[in-house]
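> Next up, coords-v9.txt (compact mmCIF, C-alpha atoms).
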# COMPACT_ATOMS: atom_id res chain seq x y z
CA MET I 372 163.72 95.74 -72.64
CA LEU I 373 160.93 93.85 -70.93
CA PRO I 374 160.59 90.20 -71.86
CA GLN I 375 157.42 89.06 -73.60
CA ALA I 376 154.69 88.82 -71.01
CA ASP I 377 151.04 88.62 -71.85
CA ARG I 378 148.38 90.17 -69.67
CA ARG I 379 146.89 86.85 -68.64
CA GLU I 380 150.26 85.67 -67.36
CA ILE I 381 150.75 88.86 -65.33
CA ALA I 382 147.20 88.59 -63.95
CA ALA I 383 147.80 84.96 -62.91
CA ILE I 384 151.04 85.92 -61.10
CA PHE I 385 149.23 88.79 -59.38
CA VAL I 386 146.39 86.57 -58.11
CA GLY I 387 148.70 83.76 -56.96
CA GLY I 388 151.09 86.23 -55.34
CA ALA I 389 148.24 87.97 -53.50
CA LEU I 390 147.03 84.66 -52.02
CA GLY I 391 150.51 83.45 -51.08
CA THR I 392 151.36 86.77 -49.45
CA LEU I 393 148.07 86.79 -47.51
CA LEU I 394 148.80 83.35 -46.09
CA ARG I 395 152.40 84.22 -45.17
CA ALA I 396 151.47 87.58 -43.61
CA ALA I 397 148.60 86.01 -41.63
CA LEU I 398 150.94 83.38 -40.17
CA ALA I 399 153.58 85.98 -39.32
CA GLU I 400 150.94 88.13 -37.58
CA ALA I 401 149.38 85.20 -35.73
CA PHE I 402 152.68 83.88 -34.37
CA PRO I 403 155.06 86.79 -33.74
CA GLN I 404 158.52 85.56 -32.73
CA PRO I 405 161.23 87.27 -30.67
CA PRO I 406 164.55 87.64 -32.57
CA THR I 407 166.23 84.87 -30.58
CA ALA I 408 163.52 82.26 -31.14
CA TRP I 409 163.27 79.85 -34.07
CA PRO I 410 161.24 81.70 -36.75
CA TRP I 411 158.61 78.99 -37.23
CA PRO I 412 156.21 81.05 -39.40
CA THR I 413 158.91 81.90 -41.97
CA PHE I 414 160.42 78.42 -41.80
CA ALA I 415 157.01 76.79 -42.32
CA VAL I 416 155.97 78.93 -45.31
CA ASN I 417 159.38 78.57 -46.96
CA ILE I 418 159.53 74.79 -46.69
CA GLY I 419 155.84 74.45 -47.55
CA ALA I 420 156.29 76.66 -50.62
CA ALA I 421 159.34 74.65 -51.72
CA LEU I 422 157.32 71.44 -51.46
CA LEU I 423 154.48 72.93 -53.49
CA LEU I 424 156.80 74.48 -56.09
CA GLY I 425 158.66 71.20 -56.63
CA TYR I 426 155.32 69.46 -57.12
CA PHE I 427 153.77 72.08 -59.42
CA VAL I 428 156.81 72.68 -61.62
CA THR I 429 157.61 69.01 -62.12
CA ARG I 430 153.98 68.16 -62.85
CA LEU I 431 153.47 71.09 -65.18
CA THR I 432 156.68 70.62 -67.15
CA GLU I 433 156.87 66.81 -67.21
CA ARG I 434 153.34 65.50 -66.78
CA LEU I 435 150.67 67.90 -67.94
CA PRO I 436 150.06 69.45 -71.36
CA LEU I 437 151.39 72.97 -71.83
CA SER I 438 149.33 75.63 -70.12
CA SER I 439 149.98 79.33 -70.26
CA TYR I 440 148.66 80.34 -66.87
CA ARG I 441 149.11 77.44 -64.40
CA ARG I 442 152.82 77.93 -63.75
CA PRO I 443 152.51 81.73 -63.34
CA LEU I 444 149.51 81.28 -61.02
CA LEU I 445 150.77 78.40 -58.88
CA GLY I 446 154.56 78.64 -59.19
CA THR I 447 155.66 82.23 -59.72
CA GLY I 448 152.60 83.67 -57.96
CA LEU I 449 151.45 81.41 -55.14
CA CYS I 450 154.75 79.76 -54.15
CA GLY I 451 156.80 82.89 -54.83
CA GLY I 452 154.45 85.03 -52.74
CA LEU I 453 154.21 82.41 -50.00
CA SER I 454 157.97 82.00 -49.61
CA THR I 455 160.37 84.79 -48.76
CA PHE I 456 164.12 85.18 -48.90
CA SER I 457 164.44 88.69 -47.51
CA THR I 458 162.61 87.98 -44.23
CA MET I 459 164.85 84.98 -43.67
CA GLN I 460 167.98 87.10 -44.19
CA VAL I 461 166.77 89.81 -41.81
CA GLU I 462 165.91 87.14 -39.22
CA ILE I 463 169.45 85.72 -39.51
CA LEU I 464 170.86 89.25 -39.21
CA LYS I 465 168.88 89.83 -36.00
CA MET I 466 170.10 86.51 -34.56
CA LEU I 467 173.70 87.49 -35.34
CA ASP I 468 173.07 90.89 -33.80
CA ALA I 469 171.83 89.17 -30.62
CA HIS I 470 174.98 86.95 -30.64
CA ALA I 471 172.82 83.87 -31.14
CA TRP I 472 175.45 82.38 -33.46
CA GLY I 473 174.30 78.77 -33.16
CA LEU I 474 170.68 79.68 -33.81
CA ALA I 475 171.65 81.75 -36.87
CA ALA I 476 173.79 78.97 -38.33
CA GLY I 477 171.23 76.31 -37.47
CA TYR I 478 168.35 78.28 -38.96
CA ALA I 479 170.22 78.98 -42.21
CA ALA I 480 171.41 75.37 -42.53
CA ALA I 481 168.04 73.84 -41.64
CA SER I 482 166.16 76.12 -44.06
CA ILE I 483 168.46 75.25 -46.95
CA ALA I 484 168.58 71.52 -46.15
CA ALA I 485 164.81 71.22 -45.65
CA GLY I 486 164.02 73.46 -48.64
CA TYR I 487 166.26 71.41 -50.89
CA ALA I 488 164.87 68.13 -49.55
CA ALA I 489 161.31 69.38 -50.07
CA ILE I 490 161.98 70.08 -53.77
CA GLN I 491 163.69 66.71 -54.15
CA LEU I 492 160.84 64.85 -52.45
CA ALA I 493 158.03 66.56 -54.36
CA THR I 494 159.87 66.03 -57.65
CA ALA I 495 160.39 62.33 -56.91
CA VAL I 496 156.74 61.85 -55.93
CA VAL I 497 155.53 63.37 -59.23
CA ARG I 498 158.00 61.32 -61.30
CA ARG I 499 156.94 58.07 -59.65
CA VAL I 500 153.54 58.42 -61.24
CA ARG I 501 153.90 56.95 -64.73
CA VAL I 502 152.80 58.93 -67.71
CA ARG I 503 149.57 57.59 -69.16
CA PRO I 504 150.11 56.15 -72.65
CA MET H 399 141.05 92.94 -37.64
CA ASN H 400 141.28 95.62 -40.26
CA VAL H 401 139.86 94.40 -43.58
CA LEU H 402 141.37 97.29 -45.53
CA LEU H 403 144.84 96.46 -44.21
CA TRP H 404 144.54 92.85 -45.38
CA VAL H 405 143.20 93.90 -48.77
CA GLY H 406 146.31 96.08 -48.96
CA VAL H 407 148.51 93.11 -48.05
CA MET H 408 146.99 91.11 -50.92
CA LEU H 409 147.23 93.87 -53.52
CA ILE H 410 150.80 94.73 -52.57
CA GLY H 411 151.73 91.05 -52.42
CA GLY H 412 150.36 90.54 -55.92
CA ALA H 413 152.28 93.56 -57.20
CA GLY H 414 155.48 92.42 -55.48
CA SER H 415 155.20 89.03 -57.18
CA VAL H 416 154.72 90.65 -60.60
CA ALA H 417 157.72 92.91 -59.91
CA ARG H 418 159.80 89.81 -59.10
CA PHE H 419 158.74 88.13 -62.34
CA LEU H 420 159.64 91.19 -64.42
CA ALA H 421 162.96 91.90 -62.66
CA ASP H 422 163.96 88.23 -62.87
CA GLY H 423 163.14 88.21 -66.58
CA VAL H 424 165.15 91.35 -67.32
CA VAL H 425 168.24 90.22 -65.38
CA ALA H 426 168.11 86.64 -66.65
CA ALA H 427 167.75 87.84 -70.25
CA ALA H 428 170.76 90.14 -69.85
CA ALA H 429 172.94 87.62 -68.04
CA GLY H 430 172.12 84.55 -70.08
CA ARG H 431 171.88 80.98 -68.89
CA GLY H 432 174.16 79.03 -66.59
CA PHE H 433 173.82 80.66 -63.21
CA PRO H 434 170.38 81.73 -61.89
CA VAL H 435 171.35 85.41 -61.67
CA GLY H 436 167.77 86.65 -61.96
CA THR H 437 166.66 85.12 -58.66
CA LEU H 438 169.94 86.18 -57.02
CA ALA H 439 169.45 89.79 -58.12
CA VAL H 440 165.85 89.84 -56.90
CA ASN H 441 166.70 88.25 -53.55
CA VAL H 442 169.75 90.38 -52.78
CA SER H 443 168.06 93.65 -53.79
CA GLY H 444 165.04 92.66 -51.69
CA ALA H 445 167.27 91.91 -48.70
CA VAL H 446 168.77 95.45 -48.90
CA ILE H 447 165.31 97.01 -49.00
CA LEU H 448 163.93 94.88 -46.16
CA GLY H 449 167.02 95.62 -44.05
CA LEU H 450 166.46 99.32 -44.73
CA ILE H 451 162.77 99.08 -43.79
CA THR H 452 163.65 97.30 -40.53
CA GLY H 453 166.20 100.01 -39.77
CA LEU H 454 163.55 102.70 -40.18
CA ALA H 455 161.53 101.35 -37.22
CA LEU H 456 158.14 101.87 -38.88
CA GLY H 457 154.78 101.41 -37.20
CA HIS H 458 153.10 98.01 -37.24
CA ASP H 459 150.83 98.53 -40.25
CA GLN H 460 153.48 100.24 -42.36
CA ALA H 461 155.99 97.47 -41.59
CA LEU H 462 153.40 94.84 -42.53
CA LEU H 463 152.63 96.49 -45.88
CA ALA H 464 156.13 97.60 -46.87
CA GLY H 465 158.13 94.74 -45.35
CA THR H 466 156.08 91.55 -45.07
CA ALA H 467 153.81 92.21 -48.07
CA ALA H 468 155.90 94.19 -50.60
CA VAL H 469 159.47 92.98 -50.08
CA GLY H 470 158.44 89.57 -48.72
CA SER H 471 156.54 88.73 -51.91
CA TYR H 472 159.19 90.29 -54.16
CA THR H 473 161.85 87.87 -52.88
CA THR H 474 161.55 84.10 -53.06
CA PHE H 475 162.97 81.15 -51.19
CA SER H 476 161.20 78.41 -53.13
CA THR H 477 162.61 79.35 -56.56
CA TRP H 478 166.10 79.65 -55.04
CA MET H 479 165.78 76.06 -53.81
CA LEU H 480 164.19 74.77 -57.03
CA GLU H 481 166.97 76.22 -59.17
CA THR H 482 169.61 74.78 -56.83
CA GLN H 483 168.04 71.32 -56.96
CA ARG H 484 167.68 71.41 -60.76
CA LEU H 485 171.37 72.41 -61.08
CA THR H 486 172.31 69.37 -58.99
CA GLU H 487 170.14 67.16 -61.21
CA GLU H 488 172.10 68.41 -64.20
CA ARG H 489 175.23 67.39 -62.29
CA GLN H 490 176.36 71.00 -61.94
CA HIS H 491 177.27 70.53 -58.30
CA ARG H 492 179.69 73.44 -58.12
CA THR H 493 177.22 75.91 -59.56
CA ALA H 494 174.52 74.60 -57.19
CA ALA H 495 176.77 74.97 -54.12
CA LEU H 496 177.84 78.41 -55.33
CA ASN H 497 174.19 79.44 -55.75
CA VAL H 498 173.49 78.53 -52.13
CA ALA H 499 176.65 80.11 -50.68
CA VAL H 500 176.61 83.33 -52.73
CA SER H 501 172.89 83.98 -52.14
CA LEU H 502 173.24 83.44 -48.41
CA ALA H 503 176.42 85.50 -47.99
CA LEU H 504 175.24 88.37 -50.17
CA GLY H 505 171.74 88.19 -48.66
CA ILE H 506 172.94 88.65 -45.08
CA ALA H 507 175.44 91.34 -46.12
CA ALA H 508 172.71 93.13 -48.08
CA ALA H 509 170.29 93.02 -45.16
CA GLY H 510 173.02 94.40 -42.87
CA LEU H 511 173.88 97.19 -45.30
CA GLY H 512 170.22 98.11 -45.69
CA HIS H 513 169.76 98.12 -41.93
CA LEU H 514 172.70 100.52 -41.50
CA LEU H 515 171.32 102.81 -44.20
CA GLY H 516 167.85 102.74 -42.68
CA ALA H 517 169.15 103.57 -39.22
CA GLN H 518 170.94 106.62 -40.69
CA LEU H 519 167.76 108.05 -42.21
Any chance you could give the structure as structure tokens?

Amino acid sequence: MLPQADRREIAAIFVGGALGTLLRAALAEAFPQPPTAWPWPTFAVNIGAALLLGYFVTRLTERLPLSSYRRPLLGTGLCGGLSTFSTMQVEILKMLDAHAWGLAAGYAAASIAAGYAAIQLATAVVRRVRVRP
Amino acid sequence: MNVLLWVGVMLIGGAGSVARFLADGVVAAAAGRGFPVGTLAVNVSGAVILGLITGLALGHDQALLAGTAAVGSYTTFSTWMLETQRLTEERQHRTAALNVAVSLALGIAAAGLGHLLGAQL
């Protein structure tokens, strides 16, 4: 069974996802990286998307009135399309395959630490702004 | 610069994001709350498919559309991190650590499995 999903919500996810994917793909094409180099394009979009998602979700759930299309457009669509898990895993796999153990471990650890910190930071920034009475 | 190719990237990226939303919803509804299984299922299944696509050694444009656009948009890093951080906020440190470790371990294994499968085809 599919969960309830209205057409406007799906359309918002589609538009946001298309934009996020375009940005991520353009960066990946502009800065191709060999398998044993730090994957800056993927790292940048992932951390950037985490920062944006932390901001959007906290603001939309704790600060702004309920809206039916903002979270699908900005969160699920834009940030979801901009960030990628699978590319990161394949990059780690290629590093392991090239026996670049330190790089693989460092890339995984740095992505998780920076991604987590980005959510934490964006959330804290939104919460510092007091709700208007 | 091929305009049609980039229009394709956008359309496929939009569709991949919608597919993620639907798959996440189905899995999360079946599994219930507690552990973010929906995102895990999406990310691990996407890692298998991307591994497989990499193993196939496609041409540049095909790899861009099928890999970067379709599977790249289907999986998500940002939601994985958001859910982990929110679990920590709710003081569910074990579940949060488990979410990081399980996703990473299964993700790499899935990508490796997919790569093997793709190289066989």
> Within 12 Å of region 423-438 of chain H, counting all atoms listed in the file, which residues show up once you throw out same-chain ones fewer than 5 positions away? Write them as a VMD selection string, please.
(chain I and resid 372 to 376 447 451 455 to 457) or (chain H and resid 416 to 418 443 to 445 472 to 485 488 490 to 505 508)
> Using all atoms listed in the file, find which residues of chain I lie within 8 Å of chain H and jot them down as a ChimeraX atom specification.
/I:372-374,381,384-393,396,417-418,420-421,424-425,447-448,450-458,460-461,463-464,483,486-487,490-491
> Figure out the distance between CA of Tyr478 (chain I) and CA of Ala495 (chain I), please, to one decimal in Å.
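These atoms are spaced 25.3 Å apart.
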> Of the candidates I:Pro436, I:Pro443, I:Pro412, I:Pro406, which one gets nearest to Arg378 (chain I) if we count all atoms listed in the file?
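Smallest separation from Arg378 (chain I) among the options: I:Pro443.
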> What are the centre and the three edge lengths of an axis-aligned box that wraps all atoms of region 420-435 of chain H in the file, given that 3 Å is added to every side, written as AutoDock Vina command-line options and rounded to one decimal in Å?

--center_x 166.9 --center_y 85.5 --center_z -66.0 --size_x 20.5 --size_y 18.9 --size_z 14.6
> If you measure from CA of Ala480 (chain I) to CA of Pro410 (chain I), what distance in Å do you get, rounded to one decimal?
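According to the coordinates, CA of Ala480 (chain I) and CA of Pro410 (chain I) are separated by 13.3 Å.
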> So what do you get for CA of Ala461 (chain H) versus CA of Ala399 (chain I), distance-wise?
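Calculated distance between CA of Ala461 (chain H) and CA of Ala399 (chain I) is 12.0 Å.
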